[in-house]
Amino acid sequence: MRDQKLRLRVFLSGLFGSEVERVLGGGLVPGSLVLVGGDPGVGKSTLVLQVAGIIADSEDLGGSAPVVYVSGEESVEQIGIRADRLEIGTEELYLYSSTDIEDILRKIQHLSPRALIIDSIQTVYLKGVAGSAGGLAQVKECTSALLRFAKTTNIPIILIGHVNKAGDIAGPRVLEHIVDVVLYMEGEKYSSHRLLRPVKNRFGSTDELGVFEMSQSGLAVVSNPSEIFLTEQHSDSDFLAGLAVAVIMDGSRSFLIEIQALCVSGSSVSRHINGIQSSRADMIISVLIKQAGLMLQENAIFLNVLQFAAVSWNFPIPNNIAFIGEIGLGGELRSVPRMEKRLLTVAKLGYKMCFHRESILDGALYNTWPIQEMQNGSPQALLVPNLLGLEPEHKRRDRF
């Protein structure tokens, strides 16, 4: 059975390889055509070169085997310098610089490589096709030729494609219907973290997400992705108004994100919202005004994601509490899917309690549902009504 699985997938070893393997749906499928897209400079070439080094060194298929890395953007010497920086020492990684598809396929035919890398699809051309390299016709025809080669020889091919500002002119998005797998690499301009997500996968799920950090020695796996979204803990304060931690899902992975909010009266600025759609923030603000009785109409609201009920009342939230849920238009806190996985992520990071909402408990509905206490990594239910001071509407009116 293991030998059969080996023939169906090219597995990637190590922590880095395991992360990429999971995003691919279990490894690289022989004869598949994989497209890795992303903005220029985000780290696509580094990612693929590291993958090429792992495949060339792999012992799963009976020893090391050649992997061919073809670049139309860099010389062989430049690729070699980058490979040395990434500490790739395998002798089975063959480097070649060319832009002619026919020349490339002819040169690698006798090698029967375990994988072929093309960096990038915008730099190669096919004779007899109108237009210059990078044009729409050339990109599509070159990709189709590589797909036929992959299916005929059973050699997996990884293409790199650049995304322009529009994301659709001579970029990888016009090729999504041709290739088998499409991976997008994302990263903020001033951040070292990179996200790798599948948007199309004929051999696996598109609900996966790989998290990496770029360093001088290449991409490294981020073992605890939630740390990306959380600022340093305030060791000198157990309570800090305007900060909360929420649990979100991206694909099959759960993340803890920090939510920051500030309400200021008498400011000339109306609202400043970052990290969430303005329309969604407007909806939540309206729910809090109508259903929770918060007087936010005359306040300037500065928001990173979502959490302003506590800061409006200047109600500090303990730093060992996280929040899970969806706010409905009626002001109710609704349950969300994959609760168990979210709670385990909270427990893993040391949070003691999690405020959330269960739809039904013993057949009865609860408008405010409680805290989940973590014991030995397992969630245990603990009812704490009115945690945030939620009161009937007439009492809220009396208060304000």
# chains A, B, ... in the order shown; residues from 1 in each chain; ligands from 1
>>> residues_around(residues="region 146-163 of chain A", least_positions_apart="4", cutoff="6 Å", atoms="only C-alpha atoms", output="ChimeraX atom specification")
/A:30-39,115-121,167,171-172
>>> write_last_selection(atoms="C-alpha atoms", output="JSON list (two decimals), in the first residue's frame")
[["chain", "number", "residue", "atom", "x", "y", "z"],
["A", 30, "PRO", "CA", 3.16, 12.89, -11.17],
["A", 31, "GLY", "CA", 2.05, 14.33, -14.48],
["A", 32, "SER", "CA", 0.38, 17.33, -12.85],
["A", 33, "LEU", "CA", 0.78, 20.97, -13.84],
["A", 34, "VAL", "CA", 1.02, 23.30, -10.83],
["A", 35, "LEU", "CA", 0.88, 27.08, -11.09],
["A", 36, "VAL", "CA", 2.33, 29.23, -8.31],
["A", 37, "GLY", "CA", 1.14, 32.82, -8.60],
["A", 38, "GLY", "CA", 1.78, 35.98, -6.66],
["A", 39, "ASP", "CA", 3.06, 39.52, -6.80],
["A", 115, "ALA", "CA", 10.11, 17.37, -11.69],
["A", 116, "LEU", "CA", 10.46, 20.38, -13.99],
["A", 117, "ILE", "CA", 10.34, 23.99, -12.81],
["A", 118, "ILE", "CA", 9.63, 26.90, -15.17],
["A", 119, "ASP", "CA", 10.44, 30.37, -13.78],
["A", 120, "SER", "CA", 8.42, 32.08, -15.09],
["A", 121, "ILE", "CA", 5.64, 31.37, -17.58],
["A", 167, "GLY", "CA", -4.48, 40.27, -11.76],
["A", 171, "GLY", "CA", -1.06, 36.68, -15.47],
["A", 172, "PRO", "CA", -1.73, 33.24, -14.00]]
>>> select_by_dssp(residues="region 23-141 of chain A", states="strand (DSSP E or B)", output="PyMOL selection string")
chain A and resi 28+33-38+67-71+93-97+100+115-119+125
>>> residues_around(residues="region 80-94 of chain A", least_positions_apart="6", cutoff="10 Å", atoms="only C-alpha atoms", output="tab-separated table (two decimals) with N, CA and C atoms, in the first residue's frame")
chain	number	residue	atom	x	y	z
A	45	SER	N	9.90	32.39	-6.33
A	45	SER	CA	11.10	31.67	-6.79
A	45	SER	C	11.81	30.98	-5.63
A	46	THR	N	11.86	31.64	-4.48
A	46	THR	CA	12.48	31.03	-3.30
A	46	THR	C	11.70	29.79	-2.88
A	49	LEU	N	12.27	26.98	-5.51
A	49	LEU	CA	13.64	26.46	-5.49
A	49	LEU	C	13.86	25.56	-4.27
A	50	GLN	N	13.29	25.94	-3.13
A	50	GLN	CA	13.39	25.08	-1.96
A	50	GLN	C	12.65	23.75	-2.18
A	52	ALA	N	12.19	22.34	-5.08
A	52	ALA	CA	13.01	21.58	-6.03
A	52	ALA	C	14.16	20.87	-5.33
A	53	GLY	N	14.80	21.55	-4.38
A	53	GLY	CA	15.89	20.92	-3.63
A	53	GLY	C	15.42	19.73	-2.82
A	54	ILE	N	14.23	19.83	-2.21
A	54	ILE	CA	13.70	18.72	-1.42
A	54	ILE	C	13.38	17.53	-2.31
A	55	ILE	N	12.75	17.79	-3.47
A	55	ILE	CA	12.40	16.69	-4.38
A	55	ILE	C	13.66	16.00	-4.89
A	56	ALA	N	14.69	16.79	-5.23
A	56	ALA	CA	15.93	16.20	-5.76
A	56	ALA	C	16.62	15.33	-4.72
A	57	ASP	N	16.46	15.66	-3.45
A	57	ASP	CA	17.10	14.90	-2.37
A	57	ASP	C	16.24	13.77	-1.84
A	64	SER	N	17.82	9.50	-4.94
A	64	SER	CA	17.71	10.83	-5.51
A	64	SER	C	17.52	10.75	-7.01
A	65	ALA	N	16.92	11.79	-7.57
A	65	ALA	CA	16.65	11.85	-9.00
A	65	ALA	C	16.76	13.28	-9.45
A	66	PRO	N	17.07	13.51	-10.73
A	66	PRO	CA	17.26	14.89	-11.18
A	66	PRO	C	15.98	15.71	-11.16
A	67	VAL	N	16.15	16.95	-10.82
A	67	VAL	CA	15.08	17.95	-10.92
A	67	VAL	C	15.65	19.10	-11.74
A	68	VAL	N	14.92	19.54	-12.73
A	68	VAL	CA	15.41	20.59	-13.63
A	68	VAL	C	14.70	21.90	-13.30
A	69	TYR	N	15.51	22.92	-13.03
A	69	TYR	CA	14.99	24.26	-12.74
A	69	TYR	C	15.39	25.17	-13.90
A	70	VAL	N	14.40	25.62	-14.66
A	70	VAL	CA	14.64	26.46	-15.84
A	70	VAL	C	14.19	27.88	-15.51
A	74	GLU	N	16.73	34.70	-14.79
A	74	GLU	CA	18.05	34.74	-14.17
A	74	GLU	C	19.00	33.81	-14.91
A	108	ILE	N	15.57	18.37	-21.72
A	108	ILE	CA	15.31	17.57	-20.52
A	108	ILE	C	14.78	16.17	-20.85
A	111	LEU	N	16.87	13.29	-19.68
A	111	LEU	CA	17.13	13.22	-18.24
A	111	LEU	C	16.04	12.48	-17.48
A	113	PRO	N	13.55	13.79	-15.67
A	113	PRO	CA	13.62	14.34	-14.31
A	113	PRO	C	12.39	13.99	-13.49
A	114	ARG	N	12.56	14.05	-12.20
A	114	ARG	CA	11.43	13.81	-11.29
A	114	ARG	C	10.47	14.98	-11.31
A	115	ALA	N	10.97	16.19	-11.62
A	115	ALA	CA	10.11	17.37	-11.69
A	115	ALA	C	10.79	18.41	-12.56
A	116	LEU	N	9.97	19.28	-13.16
A	116	LEU	CA	10.46	20.38	-13.99
A	116	LEU	C	9.88	21.68	-13.45
A	215	SER	N	13.30	34.65	5.57
A	215	SER	CA	14.52	35.03	6.26
A	215	SER	C	15.68	35.02	5.26
A	216	GLN	N	16.87	35.31	5.74
A	216	GLN	CA	18.04	35.32	4.86
A	216	GLN	C	18.32	33.93	4.27
A	217	SER	N	17.94	32.89	5.00
A	217	SER	CA	18.19	31.52	4.53
A	217	SER	C	16.97	30.91	3.86
A	218	GLY	N	16.00	31.73	3.48
A	218	GLY	CA	14.83	31.22	2.76
A	218	GLY	C	13.57	31.24	3.60
A	219	LEU	N	12.59	30.49	3.13
A	219	LEU	CA	11.31	30.41	3.81
A	219	LEU	C	11.34	29.34	4.89
>>> atom_distance(atom1="CA of Val336 (chain A)", atom2="CA of Ile321 (chain A)")
17.6 Å
